[in-house]
file structure.cif (mmCIF, C-alpha atoms)
data_start
#
loop_
_atom_site.group_PDB
_atom_site.id
_atom_site.type_symbol
_atom_site.label_atom_id
_atom_site.label_comp_id
_atom_site.auth_asym_id
_atom_site.auth_seq_id
_atom_site.Cartn_x
_atom_site.Cartn_y
_atom_site.Cartn_z
ATOM 1 C CA MET A 8 8.759 54.448 24.101
ATOM 2 C CA PRO A 9 5.550 52.670 23.079
ATOM 3 C CA LYS A 10 2.887 55.258 22.341
ATOM 4 C CA SER A 11 0.117 52.770 23.054
ATOM 5 C CA LEU A 12 1.210 52.529 26.689
ATOM 6 C CA VAL A 13 2.011 56.194 27.366
ATOM 7 C CA ASN A 14 -0.635 58.848 26.815
ATOM 8 C CA TYR A 15 1.428 61.754 25.544
ATOM 9 C CA ARG A 16 -1.611 63.979 25.188
ATOM 10 C CA VAL A 17 -2.046 63.902 28.956
ATOM 11 C CA ARG A 18 1.619 64.713 29.565
ATOM 12 C CA HIS A 19 1.580 67.561 27.059
ATOM 13 C CA ALA A 20 -1.628 68.967 28.539
ATOM 14 C CA PHE A 21 -0.093 69.065 32.018
ATOM 15 C CA LEU A 22 3.099 70.668 30.713
ATOM 16 C CA VAL A 23 1.263 73.351 28.740
ATOM 17 C CA SER A 24 -0.929 74.096 31.757
ATOM 18 C CA TYR A 25 2.108 74.502 33.956
ATOM 19 C CA LEU A 26 3.846 76.753 31.425
ATOM 20 C CA LEU A 27 0.778 78.999 31.482
ATOM 21 C CA ILE A 28 1.017 79.108 35.280
ATOM 22 C CA VAL A 29 4.705 80.069 35.069
ATOM 23 C CA CYS A 30 3.997 82.797 32.511
ATOM 24 C CA THR A 31 1.136 84.171 34.598
ATOM 25 C CA ALA A 32 3.310 84.200 37.716
ATOM 26 C CA ALA A 33 6.090 85.982 35.815
ATOM 27 C CA VAL A 34 3.689 88.687 34.624
ATOM 28 C CA LEU A 35 2.316 89.146 38.141
ATOM 29 C CA GLY A 36 5.823 89.223 39.588
ATOM 30 C CA ALA A 37 7.002 91.817 37.078
ATOM 31 C CA SER A 38 3.905 93.943 37.713
ATOM 32 C CA GLN A 39 4.394 93.720 41.464
ATOM 33 C CA LEU A 40 8.032 94.731 41.094
ATOM 34 C CA GLN A 41 7.048 97.961 39.354
ATOM 35 C CA THR A 42 4.957 99.043 42.355
ATOM 36 C CA ASP A 43 7.984 99.454 44.609
ATOM 37 C CA PRO A 44 11.262 98.147 43.133
ATOM 38 C CA GLY A 45 13.288 99.301 46.105
ATOM 39 C CA SER A 46 11.258 97.393 48.707
ATOM 40 C CA ILE A 47 12.932 94.279 50.077
ATOM 41 C CA THR A 48 9.509 93.018 51.194
ATOM 42 C CA VAL A 49 8.170 93.199 47.650
ATOM 43 C CA ARG A 50 11.238 91.461 46.284
ATOM 44 C CA PHE A 51 10.974 88.764 48.987
ATOM 45 C CA ILE A 52 7.420 88.019 47.853
ATOM 46 C CA ILE A 53 8.521 87.871 44.208
ATOM 47 C CA PHE A 54 11.763 85.923 44.557
ATOM 48 C CA GLY A 55 10.911 83.950 47.668
ATOM 49 C CA VAL A 56 7.215 83.231 48.098
ATOM 50 C CA ILE A 57 6.032 83.112 44.482
ATOM 51 C CA ALA A 58 9.112 81.205 43.299
ATOM 52 C CA LEU A 59 8.668 78.623 46.063
ATOM 53 C CA ILE A 60 4.984 78.168 45.238
ATOM 54 C CA LEU A 61 5.890 77.650 41.579
ATOM 55 C CA MET A 62 8.433 74.986 42.531
ATOM 56 C CA VAL A 63 5.993 73.088 44.750
ATOM 57 C CA VAL A 64 3.206 73.261 42.166
ATOM 58 C CA GLY A 65 5.653 72.201 39.444
ATOM 59 C CA ALA A 66 6.835 69.147 41.377
ATOM 60 C CA ILE A 67 3.250 68.087 42.114
ATOM 61 C CA MET A 68 2.064 68.568 38.537
ATOM 62 C CA GLY A 69 5.116 66.757 37.172
ATOM 63 C CA ALA A 70 4.460 63.734 39.380
ATOM 64 C CA VAL A 71 0.726 63.677 38.642
ATOM 65 C CA SER A 72 1.286 64.041 34.888
ATOM 66 C CA LYS A 73 3.488 60.946 34.866
ATOM 67 C CA LYS A 74 1.037 58.891 36.913
ATOM 68 C CA ARG A 75 -1.922 59.933 34.772
ATOM 69 C CA SER A 76 -0.162 59.312 31.455
ATOM 70 C CA ALA A 77 0.228 55.543 31.912
ATOM 71 C CA SER A 78 -2.395 53.754 29.847
ATOM 72 C CA ASP A 79 -3.893 50.358 30.602
ATOM 73 C CA ILE A 80 -1.208 47.724 30.006
ATOM 74 C CA GLY A 81 -3.806 45.431 28.434
ATOM 75 C CA GLU A 82 -3.491 41.755 27.581
ATOM 76 C CA TRP A 83 -0.182 40.201 26.546
ATOM 77 C CA ASN A 84 0.714 36.968 24.792
ATOM 78 C CA TYR A 85 3.698 35.116 26.209
ATOM 79 C CA ARG A 86 6.196 32.638 24.878
ATOM 80 C CA LYS A 87 9.458 31.159 26.118
ATOM 81 C CA SER A 88 12.566 31.042 23.962
ATOM 82 C CA LEU A 89 16.125 29.808 24.349
ATOM 83 C CA LEU A 90 18.447 32.502 23.018
ATOM 84 C CA SER A 91 22.156 32.929 22.506
ATOM 85 C CA ILE A 92 23.860 35.931 24.077
ATOM 86 C CA ARG A 93 23.777 37.830 20.774
ATOM 87 C CA GLU A 94 20.091 37.063 20.254
ATOM 88 C CA TYR A 95 19.379 38.102 23.837
ATOM 89 C CA GLU A 96 21.151 41.430 23.342
ATOM 90 C CA LYS A 97 18.965 42.162 20.309
ATOM 91 C CA VAL A 98 15.799 41.433 22.292
ATOM 92 C CA LEU A 99 17.180 43.467 25.191
ATOM 93 C CA GLY A 100 17.938 46.427 22.925
ATOM 94 C CA ARG A 101 14.376 46.515 21.637
ATOM 95 C CA HIS A 102 13.020 46.151 25.173
ATOM 96 C CA GLU A 103 15.153 49.033 26.464
ATOM 97 C CA GLU A 104 14.106 51.293 23.620
ATOM 98 C CA ASP A 105 10.421 50.768 24.345
ATOM 99 C CA PHE A 106 10.164 50.116 28.068
ATOM 100 C CA LYS A 107 13.129 51.604 29.930
ATOM 101 C CA VAL A 108 10.938 54.521 30.963
ATOM 102 C CA PHE A 109 8.792 52.139 33.012
ATOM 103 C CA TYR A 110 11.619 51.118 35.326
ATOM 104 C CA ASP A 111 13.341 54.478 35.766
ATOM 105 C CA ASP A 112 15.404 54.743 38.917
ATOM 106 C CA THR A 113 13.876 57.372 41.217
ATOM 107 C CA SER A 114 16.859 57.447 43.590
ATOM 108 C CA SER A 115 18.397 60.470 41.833
ATOM 109 C CA ALA A 116 15.426 62.659 42.756
ATOM 110 C CA GLY A 117 16.876 63.316 46.226
ATOM 111 C CA GLY A 118 20.109 64.740 44.845
ATOM 112 C CA CYS A 119 18.184 66.876 42.357
ATOM 113 C CA CYS A 120 16.079 68.277 45.209
ATOM 114 C CA CYS A 121 19.242 69.401 47.003
ATOM 115 C CA THR A 122 20.510 71.091 43.841
ATOM 116 C CA ILE A 123 17.256 72.911 43.117
ATOM 117 C CA SER A 124 17.025 74.013 46.762
ATOM 118 C CA ALA A 125 20.482 75.569 46.527
ATOM 119 C CA ALA A 126 19.504 77.298 43.269
ATOM 120 C CA TYR A 127 16.349 78.647 44.912
ATOM 121 C CA LEU A 128 18.287 80.071 47.863
ATOM 122 C CA LEU A 129 20.763 81.708 45.483
ATOM 123 C CA TYR A 130 17.911 83.217 43.461
ATOM 124 C CA LEU A 131 16.303 84.504 46.652
ATOM 125 C CA ALA A 132 19.585 85.955 47.907
ATOM 126 C CA LEU A 133 20.247 87.783 44.644
ATOM 127 C CA GLY A 134 16.746 89.189 44.766
ATOM 128 C CA ILE A 135 16.643 90.576 48.298
ATOM 129 C CA ILE A 136 20.255 91.313 49.275
ATOM 130 C CA PRO A 137 21.669 94.290 47.372
ATOM 131 C CA GLU A 138 24.937 94.199 49.275
ATOM 132 C CA GLY A 139 27.128 91.569 47.699
ATOM 133 C CA GLY A 140 24.353 90.684 45.292
ATOM 134 C CA ILE A 141 22.595 92.832 42.716
ATOM 135 C CA ASP A 142 22.680 96.602 43.116
ATOM 136 C CA ALA A 143 19.353 98.159 44.128
ATOM 137 C CA SER A 144 19.253 100.337 41.005
ATOM 138 C CA PHE A 145 18.962 97.181 38.894
ATOM 139 C CA TRP A 146 15.353 96.670 39.996
ATOM 140 C CA PHE A 147 14.312 99.874 38.248
ATOM 141 C CA THR A 148 15.435 98.563 34.827
ATOM 142 C CA PRO A 149 13.622 96.349 32.268
ATOM 143 C CA ALA A 150 16.314 93.716 32.802
ATOM 144 C CA ALA A 151 14.778 93.014 36.220
ATOM 145 C CA THR A 152 11.645 91.689 34.518
ATOM 146 C CA LEU A 153 13.775 89.371 32.389
ATOM 147 C CA PHE A 154 15.553 88.199 35.549
ATOM 148 C CA ILE A 155 12.187 87.238 37.045
ATOM 149 C CA ILE A 156 11.038 85.377 33.933
ATOM 150 C CA ILE A 157 14.275 83.404 33.519
ATOM 151 C CA GLY A 158 14.405 82.521 37.213
ATOM 152 C CA TYR A 159 10.795 81.349 37.315
ATOM 153 C CA ALA A 160 11.248 79.303 34.144
ATOM 154 C CA LEU A 161 14.427 77.559 35.330
ATOM 155 C CA LEU A 162 13.223 76.840 38.862
ATOM 156 C CA GLY A 163 9.715 75.888 37.767
ATOM 157 C CA LEU A 164 10.587 73.570 34.894
ATOM 158 C CA THR A 165 13.380 71.925 36.871
ATOM 159 C CA SER A 166 10.953 71.239 39.716
ATOM 160 C CA TYR A 167 8.467 69.866 37.190
ATOM 161 C CA GLY A 168 11.128 67.466 35.910
ATOM 162 C CA ILE A 169 12.067 66.417 39.445
ATOM 163 C CA GLY A 170 8.417 65.656 40.120
ATOM 164 C CA GLN A 171 8.314 63.352 37.111
ATOM 165 C CA HIS A 172 11.513 61.555 38.112
ATOM 166 C CA SER A 173 10.389 61.116 41.711
ATOM 167 C CA VAL A 174 7.616 58.664 40.810
ATOM 168 C CA THR A 175 7.126 55.684 38.537
ATOM 169 C CA PHE A 176 4.332 55.185 36.048
ATOM 170 C CA GLY A 177 2.356 53.199 38.584
ATOM 171 C CA VAL A 178 2.290 49.915 36.672
ATOM 172 C CA GLY A 179 3.827 48.041 39.598
ATOM 173 C CA ASP A 180 6.437 45.450 38.726
ATOM 174 C CA PHE A 181 4.901 44.573 35.369
ATOM 175 C CA PHE A 182 7.855 45.973 33.431
ATOM 176 C CA VAL A 183 11.047 45.165 35.306
ATOM 177 C CA ALA A 184 14.654 46.058 34.612
ATOM 178 C CA PRO A 185 16.512 43.312 32.706
ATOM 179 C CA ASP A 186 19.164 41.184 34.381
ATOM 180 C CA TYR A 187 22.250 43.202 33.424
ATOM 181 C CA ARG A 188 24.399 41.538 36.076
ATOM 182 C CA GLY A 189 23.515 38.107 34.743
ATOM 183 C CA LEU A 190 24.394 39.197 31.205
ATOM 184 C CA LYS A 191 27.753 40.534 32.384
ATOM 185 C CA HIS A 192 28.723 37.221 33.981
ATOM 186 C CA ALA A 193 27.260 35.155 31.145
ATOM 187 C CA LYS A 194 29.680 36.887 28.783
ATOM 188 C CA MET A 195 32.535 35.710 30.994
ATOM 189 C CA LEU A 196 31.719 32.129 29.986
ATOM 190 C CA GLU A 197 30.793 32.859 26.379
ATOM 191 C CA ASP A 198 34.007 31.652 24.729
ATOM 192 C CA GLU A 199 34.807 28.835 27.136
ATOM 193 C CA GLU A 200 35.369 25.520 25.364
ATOM 194 C CA ALA A 201 32.635 22.880 25.794
ATOM 195 C CA LEU A 202 30.313 25.350 27.554
ATOM 196 C CA TYR A 203 27.342 26.854 25.726
ATOM 197 C CA VAL A 204 25.701 29.863 27.359
ATOM 198 C CA LYS A 205 22.006 30.380 26.656
ATOM 199 C CA SER A 206 19.225 32.511 28.098
ATOM 200 C CA LEU A 207 15.791 31.040 28.705
ATOM 201 C CA VAL A 208 13.541 34.075 28.390
ATOM 202 C CA LYS A 209 9.866 34.863 28.718
ATOM 203 C CA ILE A 210 8.849 37.294 25.983
ATOM 204 C CA GLY A 211 5.534 39.118 25.893
ATOM 205 C CA THR A 212 3.947 40.536 22.749
ATOM 206 C CA GLN A 213 1.073 42.933 22.218
ATOM 207 C CA ASP A 214 0.346 44.146 18.696
ATOM 208 C CA ASP A 215 3.731 45.441 17.476
ATOM 209 C CA LEU A 216 5.218 45.613 20.982
ATOM 210 C CA GLN A 217 7.642 43.069 22.415
ATOM 211 C CA ALA A 218 8.772 43.055 26.049
ATOM 212 C CA LEU A 219 11.271 40.986 28.003
ATOM 213 C CA PHE A 220 9.763 39.698 31.252
ATOM 214 C CA GLU A 221 11.947 36.915 32.663
ATOM 215 C CA THR A 222 15.484 35.712 32.070
ATOM 216 C CA GLU A 223 17.201 32.566 33.295
ATOM 217 C CA TRP A 224 20.830 32.119 32.293
ATOM 218 C CA ARG A 225 21.844 28.552 31.558
ATOM 219 C CA VAL A 226 25.101 26.895 30.603
ATOM 220 C CA TYR A 227 24.798 23.647 28.645
ATOM 221 C CA LEU A 228 27.596 21.093 28.518
ATOM 222 C CA ASP A 229 29.073 19.615 25.360
ATOM 223 C CA GLY A 230 27.963 16.022 24.854
ATOM 224 C CA GLN A 231 25.338 16.143 27.615
ATOM 225 C CA PRO A 232 21.533 16.131 27.262
ATOM 226 C CA ASP A 233 19.502 19.262 27.941
ATOM 227 C CA THR A 234 18.517 17.811 31.309
ATOM 228 C CA VAL A 235 22.065 18.456 32.498
ATOM 229 C CA TYR A 236 22.864 22.142 32.721
ATOM 230 C CA ILE A 237 24.131 24.944 34.945
ATOM 231 C CA GLN A 238 22.088 27.903 36.120
ATOM 232 C CA LEU A 239 24.003 31.175 36.393
ATOM 233 C CA LYS A 240 22.820 33.410 39.214
ATOM 234 C CA VAL A 241 24.044 36.726 40.589
ATOM 235 C CA ASP A 242 23.080 38.071 43.991
ATOM 236 C CA LYS A 243 23.857 41.453 45.468
ATOM 237 C CA ALA A 244 26.041 41.157 48.554
ATOM 238 C CA HIS A 245 26.680 44.463 50.293
ATOM 239 C CA ILE A 246 27.926 46.707 47.467
ATOM 240 C CA TYR A 247 29.289 44.053 45.119
ATOM 241 C CA ASP A 248 27.973 41.319 42.831
ATOM 242 C CA TYR A 249 28.094 37.751 44.107
ATOM 243 C CA PRO A 250 27.876 35.282 41.195
ATOM 244 C CA TYR A 251 27.385 31.579 41.746
ATOM 245 C CA LEU A 252 26.443 28.507 39.726
ATOM 246 C CA VAL A 253 23.782 25.860 40.276
ATOM 247 C CA GLY A 254 24.355 22.551 38.517
ATOM 248 C CA ILE A 255 21.176 20.632 37.652
ATOM 249 C CA ILE A 256 20.687 16.986 36.672
ATOM 250 C CA VAL A 257 17.007 16.260 36.073
ATOM 251 C CA ASN A 258 16.161 12.698 37.145
ATOM 252 C CA GLY A 259 19.698 12.469 38.449
ATOM 253 C CA PRO A 260 21.048 10.168 41.144
ATOM 254 C CA ASP A 261 20.493 10.815 44.819
ATOM 255 C CA VAL A 262 23.505 12.489 46.350
ATOM 256 C CA VAL A 263 24.656 12.718 49.912
ATOM 257 C CA GLU A 264 24.519 16.261 51.209
ATOM 258 C CA ARG A 265 28.072 17.435 51.594
ATOM 259 C CA THR A 266 30.474 20.252 50.766
ATOM 260 C CA GLU A 267 33.561 19.774 48.624
ATOM 261 C CA ASN A 268 36.469 22.189 48.513
ATOM 262 C CA LEU A 269 37.756 22.964 45.020
ATOM 263 C CA ASP A 270 41.417 23.222 44.084
ATOM 264 C CA ILE A 271 41.128 25.864 41.350
ATOM 265 C CA ASP A 272 43.795 28.418 42.363
ATOM 266 C CA THR A 273 41.590 31.500 42.827
ATOM 267 C CA ARG A 274 41.727 34.384 45.307
ATOM 268 C CA PHE A 275 38.781 33.022 47.233
ATOM 269 C CA PRO A 276 38.358 29.291 47.820
ATOM 270 C CA GLY A 277 35.780 27.603 45.625
ATOM 271 C CA ILE A 278 33.324 25.087 47.038
ATOM 272 C CA VAL A 279 30.602 22.772 45.735
ATOM 273 C CA GLU A 280 27.578 21.921 47.859
ATOM 274 C CA TYR A 281 25.815 18.657 46.934
ATOM 275 C CA MET A 282 22.120 18.008 47.561
ATOM 276 C CA SER A 283 19.041 16.332 46.056
ATOM 277 C CA ASP A 284 15.605 17.852 45.565
ATOM 278 C CA GLU A 285 12.695 15.648 44.434
ATOM 279 C CA GLY A 286 14.606 13.578 41.901
ATOM 280 C CA VAL A 287 16.880 16.426 40.835
ATOM 281 C CA SER A 288 20.578 16.383 41.643
ATOM 282 C CA VAL A 289 21.713 19.875 42.640
ATOM 283 C CA LEU A 290 25.302 21.087 42.904
ATOM 284 C CA VAL A 291 25.800 24.674 44.062
ATOM 285 C CA SER A 292 29.239 26.013 43.215
ATOM 286 C CA ARG A 293 30.394 29.319 44.635
ATOM 287 C CA PHE A 294 33.280 31.251 46.098
ATOM 288 C CA ASP A 295 33.598 31.206 49.860
ATOM 289 C CA ILE A 296 33.786 34.963 50.408
ATOM 290 C CA PRO A 297 33.660 36.313 53.991
ATOM 291 C CA SER A 298 30.173 37.572 54.792
ATOM 292 C CA ASP A 299 31.616 40.565 56.649
ATOM 293 C CA SER A 300 32.973 42.935 54.000
ATOM 294 C CA ALA A 301 35.134 44.588 56.675
ATOM 295 C CA GLU A 302 37.352 41.494 56.582
ATOM 296 C CA LEU A 303 38.180 42.103 52.922
ATOM 297 C CA GLU A 304 41.151 44.183 51.837
ATOM 298 C CA HIS A 305 39.613 44.895 48.425
ATOM 299 C CA GLU A 306 36.172 44.687 46.857
ATOM 300 C CA PRO A 307 35.835 41.013 45.829
ATOM 301 C CA ASN A 308 35.128 41.491 42.141
ATOM 302 C CA ILE A 309 35.240 38.028 40.615
ATOM 303 C CA THR A 310 37.326 38.056 37.443
ATOM 304 C CA ALA A 311 36.327 36.284 34.230
ATOM 305 C CA GLN A 312 39.224 33.851 34.624
ATOM 306 C CA GLU A 313 38.169 32.939 38.166
ATOM 307 C CA PHE A 314 34.549 32.517 37.145
ATOM 308 C CA ARG A 315 35.527 30.254 34.245
ATOM 309 C CA LYS A 316 37.583 28.084 36.592
ATOM 310 C CA LEU A 317 34.589 27.726 38.888
ATOM 311 C CA ALA A 318 32.311 26.815 35.961
ATOM 312 C CA LYS A 319 34.704 24.224 34.522
ATOM 313 C CA ALA A 320 35.160 22.576 37.910
ATOM 314 C CA LEU A 321 31.392 22.312 38.323
ATOM 315 C CA ALA A 322 30.947 21.025 34.762
ATOM 316 C CA ARG A 323 33.414 18.182 35.357
ATOM 317 C CA ARG A 324 31.531 17.092 38.469
ATOM 318 C CA LEU A 325 28.165 17.271 36.729
ATOM 319 C CA ILE A 326 29.390 15.101 33.862
ATOM 320 C CA LYS A 327 30.863 12.564 36.252
ATOM 321 C CA LEU A 328 27.712 12.454 38.376
ATOM 322 C CA SER A 329 25.372 12.170 35.371
ATOM 323 C CA THR A 330 27.124 8.989 34.212
ATOM 324 C CA GLU A 331 26.756 7.212 37.542
#

call {"tool": "encode", "arguments": {"input": "structure.cif", "output": "structure tokens"}}
result
Amino acid sequence: MPKSLVNYRVRHAFLVSYLLIVCTAAVLGASQLQTDPGSITVRFIIFGVIALILMVVGAIMGAVSKKRSASDIGEWNYRKSLLSIREYEKVLGRHEEDFKVFYDDTSSAGGCCCTISAAYLLYLALGIIPEGGIDASFWFTPAATLFIIIGYALLGLTSYGIGQHSVTFGVGDFFVAPDYRGLKHAKMLEDEEALYVKSLVKIGTQDDLQALFETEWRVYLDGQPDTVYIQLKVDKAHIYDYPYLVGIIVNGPDVVERTENLDIDTRFPGIVEYMSDEGVSVLVSRFDIPSDSAELEHEPNITAQEFRKLAKALARRLIKLSTE
């Protein structure tokens, strides 16, 4: 994680402050317990009210500490590079090491909230229900104080962590997650004869930092100029990936808009859609998968063999069209 973009002093200050709050609450709870260990009301305040307040405060402080610890992203210098898959993976590895924290997925926070809520209810039940829980005589022993401290620490620090995971650093979409789905499908074409998979990337640098900002996957054809290539794209359709290919011929011939069915022996029929766009010949090649997933017997994961067949069929048509 780049220290120049994350202010760890702020995060540590918030954490230390919260630990002091937890320790203070534990001391107060233990002192309150000694006043009347046998009172369910006293134990409800200790294990219910105070514990809940600690959890709420912890979640708030955790979220605020993360927001406040993001430094100014500053000015970046950009360049574009054409990389092989191996070169891209090296750049990606460095990017993940430094910047993954900035695009953390916050969707898991909901599940964590359910877990911590269940733990809180269990802690409360053990504290106020002697029958089936902890015997009433336990509250007159020193171990009861330890029970309070451990419970407060676990519930409080877990809530603090949930608070941090429930928010992002607040830098918007500046640092975005890399295109993992594109990389997965690019590897499917990596060893295909006469096809050369490259990634056109936008790389940003700042001092000793290097970040990956944009990625466009391209497939170049053997014997063809760089103005003839295939773009590899992956959309998300329902719950599965939907890869497709866009053939490009810059300054290519005008083509009549039409759709051609491909005879490539795959589970789903392959098609090519022809069109022109301001002097660029465009051929979109994809699998004709039903839009309603309920019509499918199985999740339509496109195999590497099927994807290669689609790419080779498109490549042949691009080469033929570019020579016209």

call {"tool": "resolve_selection", "arguments": {"input": "structure.cif", "expression": "the PyMOL selection byres ((chain A and resi 213) around 12)", "output": "list in words"}}
result
Pro9, Ser11, Leu12, Ile80, Gly81, Glu82, Trp83, Asn84, Tyr85, Arg86, Ile210, Gly211, Thr212, Asp214, Asp215, Leu216, Gln217, Ala218 and Leu219 of chain A

call {"tool": "atom_distance", "arguments": {"input": "structure.cif", "atom1": "atom CA of Ile123 of chain A", "atom2": "atom CA of Gly163 of chain A"}}
result
9.7 Å

call {"tool": "resolve_selection", "arguments": {"input": "structure.cif", "expression": "the PyMOL selection byres ((chain A and resi 53) around 12)", "output": "mmCIF file with C-alpha atoms, in the coordinates of the input"}}
result
data_model
loop_
_atom_site.group_PDB
_atom_site.id
_atom_site.type_symbol
_atom_site.label_atom_id
_atom_site.label_comp_id
_atom_site.auth_asym_id
_atom_site.auth_seq_id
_atom_site.Cartn_x
_atom_site.Cartn_y
_atom_site.Cartn_z
ATOM 1 C CA ALA A 32 3.310 84.200 37.716
ATOM 2 C CA ALA A 33 6.090 85.982 35.815
ATOM 3 C CA VAL A 34 3.689 88.687 34.624
ATOM 4 C CA LEU A 35 2.316 89.146 38.141
ATOM 5 C CA GLY A 36 5.823 89.223 39.588
ATOM 6 C CA ALA A 37 7.002 91.817 37.078
ATOM 7 C CA SER A 38 3.905 93.943 37.713
ATOM 8 C CA GLN A 39 4.394 93.720 41.464
ATOM 9 C CA LEU A 40 8.032 94.731 41.094
ATOM 10 C CA GLN A 41 7.048 97.961 39.354
ATOM 11 C CA THR A 42 4.957 99.043 42.355
ATOM 12 C CA ASP A 43 7.984 99.454 44.609
ATOM 13 C CA PRO A 44 11.262 98.147 43.133
ATOM 14 C CA SER A 46 11.258 97.393 48.707
ATOM 15 C CA ILE A 47 12.932 94.279 50.077
ATOM 16 C CA THR A 48 9.509 93.018 51.194
ATOM 17 C CA VAL A 49 8.170 93.199 47.650
ATOM 18 C CA ARG A 50 11.238 91.461 46.284
ATOM 19 C CA PHE A 51 10.974 88.764 48.987
ATOM 20 C CA ILE A 52 7.420 88.019 47.853
ATOM 21 C CA PHE A 54 11.763 85.923 44.557
ATOM 22 C CA GLY A 55 10.911 83.950 47.668
ATOM 23 C CA VAL A 56 7.215 83.231 48.098
ATOM 24 C CA ILE A 57 6.032 83.112 44.482
ATOM 25 C CA ALA A 58 9.112 81.205 43.299
ATOM 26 C CA LEU A 59 8.668 78.623 46.063
ATOM 27 C CA ILE A 60 4.984 78.168 45.238
ATOM 28 C CA LEU A 61 5.890 77.650 41.579
ATOM 29 C CA TYR A 130 17.911 83.217 43.461
ATOM 30 C CA LEU A 131 16.303 84.504 46.652
ATOM 31 C CA ALA A 132 19.585 85.955 47.907
ATOM 32 C CA LEU A 133 20.247 87.783 44.644
ATOM 33 C CA GLY A 134 16.746 89.189 44.766
ATOM 34 C CA ILE A 135 16.643 90.576 48.298
ATOM 35 C CA TRP A 146 15.353 96.670 39.996
ATOM 36 C CA ALA A 151 14.778 93.014 36.220
ATOM 37 C CA THR A 152 11.645 91.689 34.518
ATOM 38 C CA PHE A 154 15.553 88.199 35.549
ATOM 39 C CA ILE A 155 12.187 87.238 37.045
ATOM 40 C CA ILE A 156 11.038 85.377 33.933
ATOM 41 C CA GLY A 158 14.405 82.521 37.213
ATOM 42 C CA TYR A 159 10.795 81.349 37.315
#

call {"tool": "closest_atom_pairs", "arguments": {"input": "structure.cif", "of": "segment 201-302 of chain A", "to": "segment 306-314 of chain A", "cutoff": "10 Å", "atoms": "all atoms listed in the file", "output": "tab-separated table"}}
result
residue	atom	partner	partner_atom	distance
A:Ile246	CA	A:Glu306	CA	8.5
A:Tyr247	CA	A:Asn308	CA	7.0
A:Asp248	CA	A:Asn308	CA	7.2
A:Tyr249	CA	A:Ile309	CA	8.0
A:Pro250	CA	A:Ile309	CA	7.9
A:Tyr251	CA	A:Phe314	CA	8.6
A:Leu252	CA	A:Phe314	CA	9.4
A:Ile271	CA	A:Glu313	CA	8.3
A:Asp272	CA	A:Glu313	CA	8.3
A:Thr273	CA	A:Glu313	CA	6.0
A:Arg274	CA	A:Glu313	CA	8.1
A:Phe275	CA	A:Pro307	CA	8.6
A:Gly277	CA	A:Glu313	CA	9.5
A:Arg293	CA	A:Phe314	CA	9.1
A:Phe294	CA	A:Ile309	CA	8.9
A:Ile296	CA	A:Pro307	CA	7.9
A:Pro297	CA	A:Pro307	CA	9.7
A:Ser300	CA	A:Glu306	CA	8.0
A:Ala301	CA	A:Glu306	CA	9.9

call {"tool": "closest_residue", "arguments": {"input": "structure.cif", "among": "A:Ile326, A:Cys120, A:Leu321, A:Val287", "to": "Asn268 of chain A", "atoms": "all atoms listed in the file"}}
result
A:Leu321

call {"tool": "closest_residue", "arguments": {"input": "structure.cif", "among": "A:Arg225, A:Arg315, A:Lys191, A:His19", "to": "Gly69 of chain A", "atoms": "all atoms listed in the file"}}
result
A:His19

call {"tool": "resolve_selection", "arguments": {"input": "structure.cif", "expression": "the PyMOL selection byres ((chain A and resi 262) around 6)", "output": "list in words"}}
result
Asp261, Val263, Met282 and Ser283 of chain A

call {"tool": "closest_residue", "arguments": {"input": "structure.cif", "among": "A:Ser72, A:Glu331, A:Lys316, A:Ala20", "to": "Ile278 of chain A", "atoms": "all atoms listed in the file"}}
result
A:Lys316

call {"tool": "closest_residue", "arguments": {"input": "structure.cif", "among": "A:Glu285, A:Ser124, A:Phe220, A:Arg93", "to": "Glu197 of chain A", "atoms": "only C-alpha atoms"}}
result
A:Arg93

call {"tool": "atom_distance", "arguments": {"input": "structure.cif", "atom1": "atom CA of Ser166 of chain A", "atom2": "atom CA of Asp105 of chain A"}}
result
25.6 Å

call {"tool": "atom_distance", "arguments": {"input": "structure.cif", "atom1": "atom CA of Thr31 of chain A", "atom2": "atom CA of Arg75 of chain A"}}
result
24.4 Å

call {"tool": "closest_residue", "arguments": {"input": "structure.cif", "among": "A:Asn258, A:Ser329, A:Thr165, A:Thr122", "to": "Ala66 of chain A", "atoms": "only C-alpha atoms"}}
result
A:Thr165

call {"tool": "residues_around", "arguments": {"input": "structure.cif", "residues": "Tyr95 of chain A", "least_positions_apart": "2", "cutoff": "10 Å", "atoms": "all atoms listed in the file", "output": "PyMOL selection string"}}
result
chain A and resi 88-93+97-100+190+205-208+219+222

call {"tool": "closest_residue", "arguments": {"input": "structure.cif", "among": "A:Leu164, A:Leu153, A:Leu128, A:Val289", "to": "Val23 of chain A", "atoms": "only C-alpha atoms"}}
result
A:Leu164

call {"tool": "axis_aligned_box", "arguments": {"input": "structure.cif", "around": "segment 205-214 of chain A", "padding_each_side": "4 Å", "output": "JSON"}}
result
{"center_x": 11.2, "center_y": 37.3, "center_z": 23.7, "size_x": 29.7, "size_y": 21.8, "size_z": 18.0}

call {"tool": "residues_near_point", "arguments": {"input": "structure.cif", "point": "(1.7, 63.9, 36.3)", "cutoff": "9 Å", "atoms": "all atoms listed in the file", "output": "ChimeraX atom specification"}}
result
/A:17-18,21-22,66-76,170-171
